[in-house]
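Undergrad: Quick one: this structure, given as C-alpha cells, is what I'll be asking you about.
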Protein chains: 2
Amino acid sequence: MLKHGILGLINYGDMTGYEIMKVFRDSLSYFWTANTSQIYRELQTLKRKGFVTDAVVRQNGKPDKKVFSITESGREELKRWLMEYDYGNSNIPLCMKVFFAGELSRKENMERFKKIKDDALKTIERYSAAPEIMDAYKTRVEDPEVSIYWNMTKEFGIRFMKMLAEWCDDCIRELEGAEG
Amino acid sequence: MLKHGILGLINYGDMTGYEIMKVFRDSLSYFWTANTSQIYRELQTLKRKGFVTDAVVRQNGKPDKKVFSITESGREELKRWLMEYDYGNSNIPLCMKVFFAGELSRKENMERFKKIKDDALKTIERYSAAPEIMDAYKTRVEDPEVSIYWNMTKEFGIRFMKMLAEWCDDCIRELEGAEG
DNA sequence: TGGGTCATGTAACCTGTTACATGATTAG
DNA sequence: CTAATCATGTAACAGGTTACATGACCCA
C-alpha cells in the first residue's frame, strides 16, 4: 500500500526518498504516516521491480541525493492498483486510492464511488438484520452489561457505513457538477 | 491486537482455537477477521507469556482439543490494554476495545469516550484550518483536476471525525441513562 | 464416495515499527 | 557551540496473509 502511495507521489514528479518522507509528514500525515526506513526500503523494491529508476545528483554544500522517476511499467502498476476494487479493512487504502484518483477518468471514478456506496448499503442491511450481535455468546457470558458495548460496536459499524454512503453520493455529485 | 482480542474472548470463558476462529468468522467478521493460522500462533505466544494456560481434552468420535483458560496475569494484561489510550490508525482497534469495554467501569468508559470525542473535535479543527491540502504540491502538479480528489480525501477525514464524535456522545448518553 | 465439520498446526512471505547509525551544512 | 535540516540507510522485530498439510467422523 505504501508502495503505491510512493508510486503515486513520484508520478506527480521526480522525487528523492527524503522529499517523499516530507510529503507524508507534512501533507498526508492526517490519514497516513510512513517512517523513513520503510520509504527507503520500498524505493529499493520499486526499483528492483522496474517501477522506478534512480539517478544520483551531486549538490554543493549538501549531501548527494538519489532522485527517483516513475517508469512506464510503474505508471501501469499505479493504474492497475487504482482500478482494483480492494479497500482493505481500514480507511487508509480508501483514502490513498481516492487521493490518487485523478489518474483515472471521471467516469471511472463515479462508477467506483457508486460501487463503494452500494456495498456500504448492503453492509448496513447485513448489520441491521442481525438483531443482536454475538447471540451465541450471550449464553456464555453471565453479565448483561457487556452486551451494551457489543451493540455500541455494531452501531459504530452502521454509522460508519452510512457516512461512507453519503460521502460517496456527494463525491459523485461533485464530479457530475464539475463536468457539465 | 489480535492477541488482545483472543484474550478478551477467552476471558468470557474457556475456549479452543477452533472455537475462537468460529467467533471471529460468525460474529466479529464485520469488523475483524482472523485466519486460523494466526489464531493458533497467537495462542502459543499468549501461553509462552503466561497469559493463558491450556489443557488437552479427549473426546470420543472427535479429535482431541486444547482448551485455553485465561490466567490472572492474562486478565491484568487485558485490562492494561483496555486502559491504554491507543487506537492505532484504523477502526479495528477502536471496535476491539469498545467490544471488550465491559471489563472496565462505566465511569472509566465514559471518560474514555469523552477523550476520543475531544480528540476527534481537535482533529476536525486541524483539518479545517488547512484550507487546501497539499498546497506545496499544487505547484508541481499542473493538472488542477487532481486537487478535487485531494479535497475529497480531506472531506472524508472530517466526516469520519464528526461521526466519531457524535457516536461517542451517544455512547456516553447511553451509559448515563442506564446508570440512573 | 465425496463434501462438510471438527481440530490441529507449519512455513514462507510481506509489510509496518523501532532502534540504531552516519555525516555535512546552516541558522541562531 | 548546538540544534535543526538535508540525506542516506541497516537490523531486528512484530503482526498479518497465503498456501500447505493432516486426519477422523458424519451425513447425503
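Naming scheme: A, B, ... for chains in displayed order of the C-alpha cells; residues 1 onward per chain; ligands 1 onward as shown.
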Using only C-alpha atoms (C1' of nucleotides), which protein or nucleic acid residues come within 12 Å of stretch 117-131 of chain B? Drop anything in the same chain fewer than 4 positions from it, and give the result as an mmCIF file with all heavy atoms, in the first residue's frame.

TA:
```cif
data_model
loop_
_atom_site.group_PDB
_atom_site.id
_atom_site.type_symbol
_atom_site.label_atom_id
_atom_site.label_comp_id
_atom_site.auth_asym_id
_atom_site.auth_seq_id
_atom_site.Cartn_x
_atom_site.Cartn_y
_atom_site.Cartn_z
ATOM 1 N N ASP A 26 4.222 16.121 6.267
ATOM 2 C CA ASP A 26 3.614 17.447 6.278
ATOM 3 C C ASP A 26 2.210 17.494 5.676
ATOM 4 O O ASP A 26 1.402 18.322 6.065
ATOM 5 C CB ASP A 26 4.503 18.450 5.527
ATOM 6 C CG ASP A 26 5.900 18.548 6.135
ATOM 7 O OD1 ASP A 26 6.043 18.265 7.341
ATOM 8 O OD2 ASP A 26 6.846 18.895 5.395
ATOM 9 N N SER A 27 1.954 16.628 4.708
ATOM 10 C CA SER A 27 0.685 16.761 3.993
ATOM 11 C C SER A 27 -0.241 15.565 4.126
ATOM 12 O O SER A 27 -1.443 15.722 4.112
ATOM 13 C CB SER A 27 0.946 17.005 2.503
ATOM 14 O OG SER A 27 1.605 18.233 2.322
ATOM 15 N N LEU A 28 0.293 14.380 4.254
ATOM 16 C CA LEU A 28 -0.564 13.196 4.269
ATOM 17 C C LEU A 28 -0.706 12.591 5.655
ATOM 18 O O LEU A 28 -1.432 11.632 5.833
ATOM 19 C CB LEU A 28 -0.004 12.125 3.307
ATOM 20 C CG LEU A 28 0.231 12.574 1.869
ATOM 21 C CD1 LEU A 28 0.756 11.424 1.047
ATOM 22 C CD2 LEU A 28 -1.043 13.121 1.259
ATOM 23 N N SER A 29 -0.033 13.187 6.629
ATOM 24 C CA SER A 29 0.008 12.578 7.968
ATOM 25 C C SER A 29 -1.378 12.434 8.589
ATOM 26 O O SER A 29 -1.570 11.619 9.475
ATOM 27 C CB SER A 29 0.908 13.386 8.885
ATOM 28 O OG SER A 29 0.365 14.675 9.064
ATOM 29 N N TYR A 30 -2.364 13.200 8.115
ATOM 30 C CA TYR A 30 -3.681 13.086 8.742
ATOM 31 C C TYR A 30 -4.390 11.795 8.378
ATOM 32 O O TYR A 30 -5.334 11.406 9.052
ATOM 33 C CB TYR A 30 -4.561 14.310 8.445
ATOM 34 C CG TYR A 30 -5.100 14.354 7.061
ATOM 35 C CD1 TYR A 30 -6.377 13.888 6.794
ATOM 36 C CD2 TYR A 30 -4.336 14.856 6.025
ATOM 37 C CE1 TYR A 30 -6.873 13.922 5.518
ATOM 38 C CE2 TYR A 30 -4.825 14.882 4.748
ATOM 39 C CZ TYR A 30 -6.093 14.413 4.506
ATOM 40 O OH TYR A 30 -6.595 14.439 3.225
ATOM 41 N N PHE A 31 -3.949 11.128 7.336
ATOM 42 C CA PHE A 31 -4.537 9.802 7.130
ATOM 43 C C PHE A 31 -3.496 8.707 6.998
ATOM 44 O O PHE A 31 -3.819 7.527 7.007
ATOM 45 C CB PHE A 31 -5.533 9.776 5.971
ATOM 46 C CG PHE A 31 -4.953 9.814 4.572
ATOM 47 C CD1 PHE A 31 -4.512 8.649 3.952
ATOM 48 C CD2 PHE A 31 -4.876 11.000 3.877
ATOM 49 C CE1 PHE A 31 -3.990 8.673 2.664
ATOM 50 C CE2 PHE A 31 -4.346 11.032 2.594
ATOM 51 C CZ PHE A 31 -3.907 9.880 1.986
ATOM 52 N N TYR B 85 -4.562 4.338 26.143
ATOM 53 C CA TYR B 85 -5.223 5.181 25.151
ATOM 54 C C TYR B 85 -4.458 5.115 23.837
ATOM 55 O O TYR B 85 -3.608 5.939 23.545
ATOM 56 C CB TYR B 85 -5.310 6.630 25.642
ATOM 57 C CG TYR B 85 -6.179 7.499 24.761
ATOM 58 C CD1 TYR B 85 -7.559 7.389 24.801
ATOM 59 C CD2 TYR B 85 -5.622 8.419 23.894
ATOM 60 C CE1 TYR B 85 -8.366 8.166 23.984
ATOM 61 C CE2 TYR B 85 -6.420 9.205 23.068
ATOM 62 C CZ TYR B 85 -7.782 9.071 23.124
ATOM 63 O OH TYR B 85 -8.580 9.840 22.312
ATOM 64 N N ASP B 86 -4.787 4.121 23.035
ATOM 65 C CA ASP B 86 -4.106 3.928 21.755
ATOM 66 C C ASP B 86 -5.062 3.199 20.823
ATOM 67 O O ASP B 86 -5.385 2.029 21.043
ATOM 68 C CB ASP B 86 -2.821 3.111 21.962
ATOM 69 C CG ASP B 86 -2.092 2.834 20.654
ATOM 70 O OD1 ASP B 86 -2.495 3.385 19.611
ATOM 71 O OD2 ASP B 86 -1.119 2.057 20.677
ATOM 72 N N TYR B 87 -5.512 3.903 19.786
ATOM 73 C CA TYR B 87 -6.487 3.309 18.884
ATOM 74 C C TYR B 87 -5.957 3.174 17.470
ATOM 75 O O TYR B 87 -6.722 3.057 16.517
ATOM 76 C CB TYR B 87 -7.799 4.097 18.935
ATOM 77 C CG TYR B 87 -8.449 3.983 20.292
ATOM 78 C CD1 TYR B 87 -8.209 4.929 21.277
ATOM 79 C CD2 TYR B 87 -9.236 2.892 20.605
ATOM 80 C CE1 TYR B 87 -8.771 4.802 22.541
ATOM 81 C CE2 TYR B 87 -9.805 2.754 21.854
ATOM 82 C CZ TYR B 87 -9.567 3.713 22.818
ATOM 83 O OH TYR B 87 -10.108 3.573 24.048
ATOM 84 N N MET B 110 -16.963 6.124 30.226
ATOM 85 C CA MET B 110 -17.487 7.449 29.864
ATOM 86 C C MET B 110 -16.341 8.431 29.662
ATOM 87 O O MET B 110 -16.335 9.207 28.712
ATOM 88 C CB MET B 110 -18.462 7.926 30.933
ATOM 89 C CG MET B 110 -19.804 7.216 30.835
ATOM 90 S SD MET B 110 -21.097 7.961 31.838
ATOM 91 C CE MET B 110 -20.691 7.287 33.435
ATOM 92 N N GLU B 111 -15.363 8.364 30.538
ATOM 93 C CA GLU B 111 -14.188 9.243 30.389
ATOM 94 C C GLU B 111 -13.453 8.951 29.094
ATOM 95 O O GLU B 111 -12.991 9.857 28.403
ATOM 96 C CB GLU B 111 -13.235 9.055 31.582
ATOM 97 C CG GLU B 111 -13.657 9.857 32.800
ATOM 98 C CD GLU B 111 -13.008 9.397 34.093
ATOM 99 O OE1 GLU B 111 -12.016 8.630 34.028
ATOM 100 O OE2 GLU B 111 -13.507 9.783 35.174
ATOM 101 N N ARG B 112 -13.358 7.679 28.764
ATOM 102 C CA ARG B 112 -12.693 7.276 27.553
ATOM 103 C C ARG B 112 -13.390 7.841 26.313
ATOM 104 O O ARG B 112 -12.775 8.426 25.437
ATOM 105 C CB ARG B 112 -12.638 5.735 27.494
ATOM 106 C CG ARG B 112 -11.954 5.171 26.269
ATOM 107 C CD ARG B 112 -10.592 5.771 26.050
ATOM 108 N NE ARG B 112 -9.733 5.706 27.209
ATOM 109 C CZ ARG B 112 -8.842 4.757 27.432
ATOM 110 N NH1 ARG B 112 -8.700 3.786 26.556
ATOM 111 N NH2 ARG B 112 -8.084 4.786 28.513
ATOM 112 N N PHE B 113 -14.714 7.688 26.276
ATOM 113 C CA PHE B 113 -15.471 8.208 25.134
ATOM 114 C C PHE B 113 -15.321 9.724 25.024
ATOM 115 O O PHE B 113 -15.202 10.277 23.930
ATOM 116 C CB PHE B 113 -16.955 7.834 25.257
ATOM 117 C CG PHE B 113 -17.262 6.401 24.896
ATOM 118 C CD1 PHE B 113 -17.939 5.559 25.778
ATOM 119 C CD2 PHE B 113 -16.901 5.887 23.656
ATOM 120 C CE1 PHE B 113 -18.235 4.239 25.447
ATOM 121 C CE2 PHE B 113 -17.197 4.564 23.312
ATOM 122 C CZ PHE B 113 -17.863 3.745 24.211
ATOM 123 N N ASP B 135 -0.886 21.988 -0.500
ATOM 124 C CA ASP B 135 -0.619 23.271 -1.144
ATOM 125 C C ASP B 135 0.733 23.276 -1.836
ATOM 126 O O ASP B 135 0.875 23.732 -2.967
ATOM 127 C CB ASP B 135 -0.662 24.388 -0.096
ATOM 128 C CG ASP B 135 -1.934 25.198 -0.246
ATOM 129 O OD1 ASP B 135 -2.640 24.992 -1.250
ATOM 130 O OD2 ASP B 135 -2.219 26.022 0.637
ATOM 131 N N ALA B 136 1.699 22.719 -1.134
ATOM 132 C CA ALA B 136 3.062 22.709 -1.644
ATOM 133 C C ALA B 136 3.153 21.945 -2.956
ATOM 134 O O ALA B 136 4.013 22.238 -3.791
ATOM 135 C CB ALA B 136 4.000 22.084 -0.620
ATOM 136 N N TRP B 150 -7.959 15.282 -3.815
ATOM 137 C CA TRP B 150 -7.281 15.576 -2.552
ATOM 138 C C TRP B 150 -8.301 16.089 -1.539
ATOM 139 O O TRP B 150 -8.302 15.704 -0.382
ATOM 140 C CB TRP B 150 -6.186 16.643 -2.747
ATOM 141 C CG TRP B 150 -5.048 16.194 -3.606
ATOM 142 C CD1 TRP B 150 -4.817 14.924 -4.063
ATOM 143 C CD2 TRP B 150 -3.983 16.996 -4.126
ATOM 144 N NE1 TRP B 150 -3.673 14.897 -4.828
ATOM 145 C CE2 TRP B 150 -3.149 16.157 -4.880
ATOM 146 C CE3 TRP B 150 -3.652 18.364 -4.031
ATOM 147 C CZ2 TRP B 150 -1.999 16.624 -5.534
ATOM 148 C CZ3 TRP B 150 -2.516 18.824 -4.670
ATOM 149 C CH2 TRP B 150 -1.698 17.969 -5.410
ATOM 150 N N ASN B 151 -9.194 16.969 -2.022
ATOM 151 C CA ASN B 151 -10.175 17.550 -1.112
ATOM 152 C C ASN B 151 -11.249 16.553 -0.691
ATOM 153 O O ASN B 151 -11.791 16.643 0.399
ATOM 154 C CB ASN B 151 -10.786 18.803 -1.722
ATOM 155 C CG ASN B 151 -9.791 19.944 -1.720
ATOM 156 O OD1 ASN B 151 -9.051 20.132 -0.754
ATOM 157 N ND2 ASN B 151 -9.735 20.688 -2.804
ATOM 158 N N THR B 153 -10.622 13.452 -0.092
ATOM 159 C CA THR B 153 -9.947 12.710 0.974
ATOM 160 C C THR B 153 -10.062 13.469 2.295
ATOM 161 O O THR B 153 -10.378 12.902 3.333
ATOM 162 C CB THR B 153 -8.454 12.538 0.616
ATOM 163 O OG1 THR B 153 -8.344 12.085 -0.723
ATOM 164 C CG2 THR B 153 -7.795 11.558 1.534
ATOM 165 N N LYS B 154 -9.809 14.766 2.203
ATOM 166 C CA LYS B 154 -9.891 15.627 3.384
ATOM 167 C C LYS B 154 -11.320 15.619 3.941
ATOM 168 O O LYS B 154 -11.518 15.489 5.146
ATOM 169 C CB LYS B 154 -9.480 17.042 2.984
ATOM 170 C CG LYS B 154 -9.497 18.043 4.116
ATOM 171 C CD LYS B 154 -9.063 19.405 3.600
ATOM 172 C CE LYS B 154 -9.703 20.518 4.379
ATOM 173 N NZ LYS B 154 -9.415 21.847 3.792
ATOM 174 N N GLU B 155 -12.290 15.757 3.058
ATOM 175 C CA GLU B 155 -13.694 15.751 3.460
ATOM 176 C C GLU B 155 -14.064 14.437 4.154
ATOM 177 O O GLU B 155 -14.767 14.432 5.154
ATOM 178 C CB GLU B 155 -14.578 15.967 2.223
ATOM 179 C CG GLU B 155 -16.074 15.955 2.486
ATOM 180 C CD GLU B 155 -16.572 17.097 3.340
ATOM 181 O OE1 GLU B 155 -15.854 18.119 3.461
ATOM 182 O OE2 GLU B 155 -17.665 16.953 3.911
ATOM 183 N N PHE B 156 -13.550 13.353 3.623
ATOM 184 C CA PHE B 156 -13.780 12.049 4.256
ATOM 185 C C PHE B 156 -13.266 12.070 5.691
ATOM 186 O O PHE B 156 -13.945 11.612 6.613
ATOM 187 C CB PHE B 156 -13.080 10.943 3.464
ATOM 188 C CG PHE B 156 -13.185 9.579 4.092
ATOM 189 C CD1 PHE B 156 -14.286 8.772 3.829
ATOM 190 C CD2 PHE B 156 -12.224 9.117 4.981
ATOM 191 C CE1 PHE B 156 -14.409 7.521 4.422
ATOM 192 C CE2 PHE B 156 -12.340 7.877 5.587
ATOM 193 C CZ PHE B 156 -13.435 7.069 5.296
ATOM 194 N N GLY B 157 -12.071 12.593 5.870
ATOM 195 C CA GLY B 157 -11.477 12.663 7.206
ATOM 196 C C GLY B 157 -12.337 13.457 8.169
ATOM 197 O O GLY B 157 -12.576 13.035 9.297
ATOM 198 N N ILE B 158 -12.844 14.599 7.695
ATOM 199 C CA ILE B 158 -13.672 15.456 8.547
ATOM 200 C C ILE B 158 -14.970 14.742 8.920
ATOM 201 O O ILE B 158 -15.369 14.717 10.082
ATOM 202 C CB ILE B 158 -13.970 16.801 7.839
ATOM 203 C CG1 ILE B 158 -12.669 17.611 7.709
ATOM 204 C CG2 ILE B 158 -15.036 17.585 8.579
ATOM 205 C CD1 ILE B 158 -12.801 18.889 6.900
ATOM 206 N N ARG B 159 -15.608 14.129 7.929
ATOM 207 C CA ARG B 159 -16.881 13.453 8.205
ATOM 208 C C ARG B 159 -16.693 12.267 9.133
ATOM 209 O O ARG B 159 -17.537 11.998 9.983
ATOM 210 C CB ARG B 159 -17.519 12.977 6.896
ATOM 211 C CG ARG B 159 -17.983 14.148 6.064
ATOM 212 C CD ARG B 159 -18.830 13.651 4.926
ATOM 213 N NE ARG B 159 -19.093 14.737 3.995
ATOM 214 C CZ ARG B 159 -20.019 14.681 3.065
ATOM 215 N NH1 ARG B 159 -20.768 13.585 2.942
ATOM 216 N NH2 ARG B 159 -20.219 15.683 2.256
ATOM 217 N N PHE B 160 -15.596 11.568 8.950
ATOM 218 C CA PHE B 160 -15.321 10.442 9.832
ATOM 219 C C PHE B 160 -15.219 10.919 11.275
ATOM 220 O O PHE B 160 -15.823 10.336 12.177
ATOM 221 C CB PHE B 160 -14.027 9.726 9.416
ATOM 222 C CG PHE B 160 -13.652 8.606 10.334
ATOM 223 C CD1 PHE B 160 -14.273 7.371 10.229
ATOM 224 C CD2 PHE B 160 -12.710 8.786 11.338
ATOM 225 C CE1 PHE B 160 -13.960 6.336 11.089
ATOM 226 C CE2 PHE B 160 -12.386 7.753 12.210
ATOM 227 C CZ PHE B 160 -13.016 6.521 12.075
ATOM 228 N N MET B 161 -14.483 11.994 11.478
ATOM 229 C CA MET B 161 -14.288 12.517 12.826
ATOM 230 C C MET B 161 -15.603 13.034 13.437
ATOM 231 O O MET B 161 -15.857 12.871 14.622
ATOM 232 C CB MET B 161 -13.234 13.633 12.818
ATOM 233 C CG MET B 161 -11.825 13.128 12.556
ATOM 234 S SD MET B 161 -11.252 11.960 13.833
ATOM 235 C CE MET B 161 -9.948 11.107 12.954
ATOM 236 N N LYS B 162 -16.440 13.640 12.590
ATOM 237 C CA LYS B 162 -17.749 14.109 13.069
ATOM 238 C C LYS B 162 -18.591 12.935 13.532
ATOM 239 O O LYS B 162 -19.211 12.965 14.596
ATOM 240 C CB LYS B 162 -18.489 14.833 11.935
ATOM 241 C CG LYS B 162 -18.262 16.323 11.942
ATOM 242 C CD LYS B 162 -19.162 16.990 10.895
ATOM 243 C CE LYS B 162 -18.690 18.431 10.679
ATOM 244 N NZ LYS B 162 -19.096 18.954 9.368
ATOM 245 N N MET B 163 -18.617 11.899 12.696
ATOM 246 C CA MET B 163 -19.370 10.699 13.018
ATOM 247 C C MET B 163 -18.885 10.122 14.338
ATOM 248 O O MET B 163 -19.670 9.784 15.216
ATOM 249 C CB MET B 163 -19.191 9.699 11.872
ATOM 250 C CG MET B 163 -19.915 8.392 11.965
ATOM 251 S SD MET B 163 -19.067 7.150 12.964
ATOM 252 C CE MET B 163 -17.711 6.703 11.878
ATOM 253 N N LEU B 164 -17.565 10.063 14.471
ATOM 254 C CA LEU B 164 -16.955 9.508 15.681
ATOM 255 C C LEU B 164 -17.365 10.303 16.925
ATOM 256 O O LEU B 164 -17.753 9.724 17.942
ATOM 257 C CB LEU B 164 -15.433 9.514 15.505
ATOM 258 C CG LEU B 164 -14.589 8.861 16.582
ATOM 259 C CD1 LEU B 164 -14.925 7.388 16.720
ATOM 260 C CD2 LEU B 164 -13.092 9.026 16.269
ATOM 261 N N ALA B 165 -17.323 11.620 16.814
ATOM 262 C CA ALA B 165 -17.663 12.485 17.952
ATOM 263 C C ALA B 165 -19.127 12.287 18.361
ATOM 264 O O ALA B 165 -19.439 12.174 19.554
ATOM 265 C CB ALA B 165 -17.386 13.939 17.605
ATOM 266 N N GLU B 166 -20.006 12.225 17.375
ATOM 267 C CA GLU B 166 -21.438 12.044 17.680
ATOM 268 C C GLU B 166 -21.705 10.679 18.309
ATOM 269 O O GLU B 166 -22.485 10.563 19.250
ATOM 270 C CB GLU B 166 -22.272 12.175 16.391
ATOM 271 C CG GLU B 166 -22.468 13.620 15.967
ATOM 272 C CD GLU B 166 -22.920 13.725 14.515
ATOM 273 O OE1 GLU B 166 -23.479 12.737 13.980
ATOM 274 O OE2 GLU B 166 -22.690 14.802 13.906
ATOM 275 N N TRP B 167 -21.044 9.692 17.767
ATOM 276 C CA TRP B 167 -21.200 8.331 18.306
ATOM 277 C C TRP B 167 -20.735 8.284 19.759
ATOM 278 O O TRP B 167 -21.409 7.705 20.614
ATOM 279 C CB TRP B 167 -20.426 7.354 17.430
ATOM 280 C CG TRP B 167 -20.344 5.941 17.924
ATOM 281 C CD1 TRP B 167 -21.335 5.009 17.897
ATOM 282 C CD2 TRP B 167 -19.196 5.308 18.500
ATOM 283 N NE1 TRP B 167 -20.877 3.826 18.412
ATOM 284 C CE2 TRP B 167 -19.573 3.978 18.790
ATOM 285 C CE3 TRP B 167 -17.895 5.723 18.784
ATOM 286 C CZ2 TRP B 167 -18.689 3.066 19.364
ATOM 287 C CZ3 TRP B 167 -17.014 4.827 19.342
ATOM 288 C CH2 TRP B 167 -17.412 3.515 19.639
ATOM 289 N N CYS B 168 -19.610 8.920 20.049
ATOM 290 C CA CYS B 168 -19.106 8.973 21.430
ATOM 291 C C CYS B 168 -20.133 9.619 22.338
ATOM 292 O O CYS B 168 -20.410 9.123 23.432
ATOM 293 C CB CYS B 168 -17.792 9.765 21.502
ATOM 294 S SG CYS B 168 -16.377 8.852 20.878
ATOM 295 N N ASP B 169 -20.703 10.713 21.884
ATOM 296 C CA ASP B 169 -21.736 11.413 22.654
ATOM 297 C C ASP B 169 -22.893 10.474 22.984
ATOM 298 O O ASP B 169 -23.358 10.416 24.119
ATOM 299 C CB ASP B 169 -22.283 12.591 21.829
ATOM 300 C CG ASP B 169 -21.665 13.902 22.292
ATOM 301 O OD1 ASP B 169 -21.088 13.919 23.397
ATOM 302 O OD2 ASP B 169 -21.753 14.895 21.546
ATOM 303 N N ASP B 170 -23.354 9.754 21.971
ATOM 304 C CA ASP B 170 -24.489 8.859 22.171
ATOM 305 C C ASP B 170 -24.132 7.695 23.100
ATOM 306 O O ASP B 170 -24.969 7.242 23.874
ATOM 307 C CB ASP B 170 -25.003 8.348 20.819
ATOM 308 C CG ASP B 170 -25.656 9.478 20.022
ATOM 309 O OD1 ASP B 170 -25.994 10.514 20.639
ATOM 310 O OD2 ASP B 170 -25.822 9.339 18.796
ATOM 311 N N CYS B 171 -22.900 7.231 23.012
ATOM 312 C CA CYS B 171 -22.452 6.162 23.907
ATOM 313 C C CYS B 171 -22.452 6.660 25.349
ATOM 314 O O CYS B 171 -22.910 5.972 26.263
ATOM 315 C CB CYS B 171 -21.056 5.678 23.523
ATOM 316 S SG CYS B 171 -21.019 4.748 21.973
ATOM 317 N N ILE B 172 -21.943 7.872 25.540
ATOM 318 C CA ILE B 172 -21.907 8.465 26.886
ATOM 319 C C ILE B 172 -23.329 8.595 27.427
ATOM 320 O O ILE B 172 -23.618 8.207 28.552
ATOM 321 C CB ILE B 172 -21.208 9.841 26.858
ATOM 322 C CG1 ILE B 172 -19.722 9.670 26.514
ATOM 323 C CG2 ILE B 172 -21.376 10.562 28.188
ATOM 324 C CD1 ILE B 172 -19.002 10.959 26.174
#
```

Undergrad: Which residues are close to stretch 7-11 of chain C, i.e. within 10 Å by only C-alpha atoms (C1' of nucleotides), leaving aside same-chain residues fewer than 6 positions away? Reply as a list in words.

TA: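 So the residues in contact are Thr16, Gly17, Tyr18, Glu19, Thr36, Ser37, Tyr40, Arg41, Lys62, Pro63, Asp64, Lys65 and Lys66 of chain B; DA19, DC20, DA21, DT22, DG23 and DA24 of chain D.
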
Undergrad: I need the residues from that last selection saved to file as a compact mmCIF listing (two decimals), in the first residue's frame (with N, CA, C and O atoms (P, O5', C5', C4', C3', O3' and C1' of nucleotides)), if you can.

TA:
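That gives us again-v4.txt:
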```
# COMPACT_ATOMS: atom_id res chain seq x y z
N THR B 16 -11.30 -23.21 22.77
CA THR B 16 -10.25 -23.79 21.93
C THR B 16 -9.96 -22.82 20.78
O THR B 16 -10.75 -21.92 20.51
N GLY B 17 -8.86 -23.04 20.10
CA GLY B 17 -8.50 -22.21 18.96
C GLY B 17 -9.59 -22.27 17.90
O GLY B 17 -9.92 -21.26 17.26
N TYR B 18 -10.15 -23.43 17.74
CA TYR B 18 -11.18 -23.63 16.75
C TYR B 18 -12.43 -22.81 17.06
O TYR B 18 -13.04 -22.22 16.17
N GLU B 19 -12.80 -22.80 18.33
CA GLU B 19 -13.97 -22.00 18.74
C GLU B 19 -13.73 -20.51 18.52
O GLU B 19 -14.62 -19.78 18.08
N THR B 36 -7.11 -18.84 10.76
CA THR B 36 -6.77 -19.88 11.72
C THR B 36 -5.30 -19.89 12.11
O THR B 36 -4.98 -19.94 13.30
N SER B 37 -4.45 -19.86 11.10
CA SER B 37 -3.02 -19.97 11.39
C SER B 37 -2.57 -18.90 12.38
O SER B 37 -1.80 -19.19 13.30
N TYR B 40 -3.82 -19.69 16.03
CA TYR B 40 -3.02 -20.72 16.70
C TYR B 40 -1.65 -20.18 17.10
O TYR B 40 -1.13 -20.49 18.17
N ARG B 41 -1.09 -19.36 16.24
CA ARG B 41 0.21 -18.79 16.57
C ARG B 41 0.12 -17.86 17.78
O ARG B 41 0.94 -17.94 18.70
N LYS B 62 -14.38 -37.47 18.08
CA LYS B 62 -13.81 -36.21 17.58
C LYS B 62 -12.35 -36.13 17.98
O LYS B 62 -11.94 -36.74 18.96
N PRO B 63 -11.59 -35.33 17.23
CA PRO B 63 -10.17 -35.21 17.62
C PRO B 63 -10.01 -34.54 18.98
O PRO B 63 -10.91 -33.82 19.44
N ASP B 64 -8.89 -34.81 19.61
CA ASP B 64 -8.58 -34.13 20.87
C ASP B 64 -8.62 -32.63 20.67
O ASP B 64 -8.39 -32.15 19.57
N LYS B 65 -8.89 -31.91 21.75
CA LYS B 65 -8.84 -30.45 21.62
C LYS B 65 -8.06 -29.84 22.77
O LYS B 65 -7.90 -30.46 23.83
N LYS B 66 -7.55 -28.63 22.52
CA LYS B 66 -6.76 -27.91 23.52
C LYS B 66 -7.61 -26.75 24.02
O LYS B 66 -7.88 -25.81 23.27
P DA D 19 -3.02 -17.95 -1.95
O5' DA D 19 -2.12 -19.22 -1.61
C5' DA D 19 -0.72 -19.07 -1.41
C4' DA D 19 -0.13 -20.38 -0.94
C3' DA D 19 -0.92 -21.62 -1.35
O3' DA D 19 0.02 -22.58 -1.85
C1' DA D 19 -0.54 -21.64 0.98
P DC D 20 -0.45 -24.01 -2.37
O5' DC D 20 -0.08 -24.94 -1.12
C5' DC D 20 1.27 -24.93 -0.63
C4' DC D 20 1.34 -25.74 0.64
C3' DC D 20 0.74 -27.14 0.51
O3' DC D 20 1.76 -28.09 0.77
C1' DC D 20 0.05 -26.07 2.52
P DA D 21 1.49 -29.62 0.51
O5' DA D 21 1.02 -30.08 1.96
C5' DA D 21 1.88 -29.90 3.09
C4' DA D 21 1.20 -30.52 4.27
C3' DA D 21 0.30 -31.70 3.89
O3' DA D 21 0.83 -32.89 4.42
C1' DA D 21 -0.72 -30.26 5.49
P DT D 22 0.18 -34.34 4.02
O5' DT D 22 -0.55 -34.72 5.38
C5' DT D 22 0.05 -34.38 6.65
C4' DT D 22 -0.98 -34.62 7.72
C3' DT D 22 -1.89 -35.83 7.44
O3' DT D 22 -1.65 -36.83 8.41
C1' DT D 22 -3.13 -33.94 8.19
P DG D 23 -1.98 -38.37 8.10
O5' DG D 23 -3.37 -38.57 8.84
C5' DG D 23 -3.55 -38.24 10.21
C4' DG D 23 -5.02 -38.13 10.50
C3' DG D 23 -5.90 -39.07 9.64
O3' DG D 23 -6.77 -39.75 10.52
C1' DG D 23 -6.79 -36.93 9.71
P DA D 24 -7.24 -41.24 10.23
O5' DA D 24 -8.53 -41.39 11.15
C5' DA D 24 -8.52 -40.87 12.50
C4' DA D 24 -9.85 -40.20 12.77
C3' DA D 24 -11.06 -41.00 12.24
O3' DA D 24 -12.03 -41.18 13.24
C1' DA D 24 -11.17 -38.75 11.52
```

Undergrad: Could you check which of B:Thr53, B:Thr71, B:Asn60, B:Thr33 is closest to chain A, using only C-alpha atoms?

TA: B:Thr33

Undergrad: As a list in words, could you give me every residue of chain A near chain B (at most 6 Å apart, counting only C-alpha atoms)?

TA: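 Here they are: Tyr12, Ser27, Ser90, Cys95, Val98, Phe99, Gly102, Met134, Val141, Val146, Tyr149, Trp150 and Thr153 of chain A.
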
Undergrad: Could you list, as a list in words, the residues of chain B having an atom within 9 Å of chain D when counting only C-alpha atoms (C1' of nucleotides)?

TA: Met1, Leu2, Ala34, Asn35, Gln38, Gly61, Lys62 and Pro63 of chain B

Undergrad: Counting only C-alpha atoms (C1' of nucleotides), which residues in chain C sit no more than 9 Å from chain A? For each one, give the nearest pair of atoms and the distance in Å, sorted by chain then residue number, as a Markdown table.

TA:
```
| residue | atom | partner | partner_atom | distance |
| --- | --- | --- | --- | --- |
| C:DT15 | C1' | A:Met1 | CA | 8.6 |
| C:DG16 | C1' | A:Gln38 | CA | 7.6 |
| C:DT17 | C1' | A:Asn35 | CA | 8.5 |
| C:DG23 | C1' | A:Pro63 | CA | 8.8 |
| C:DA24 | C1' | A:Lys62 | CA | 6.9 |
| C:DT25 | C1' | A:Gly61 | CA | 6.2 |
```
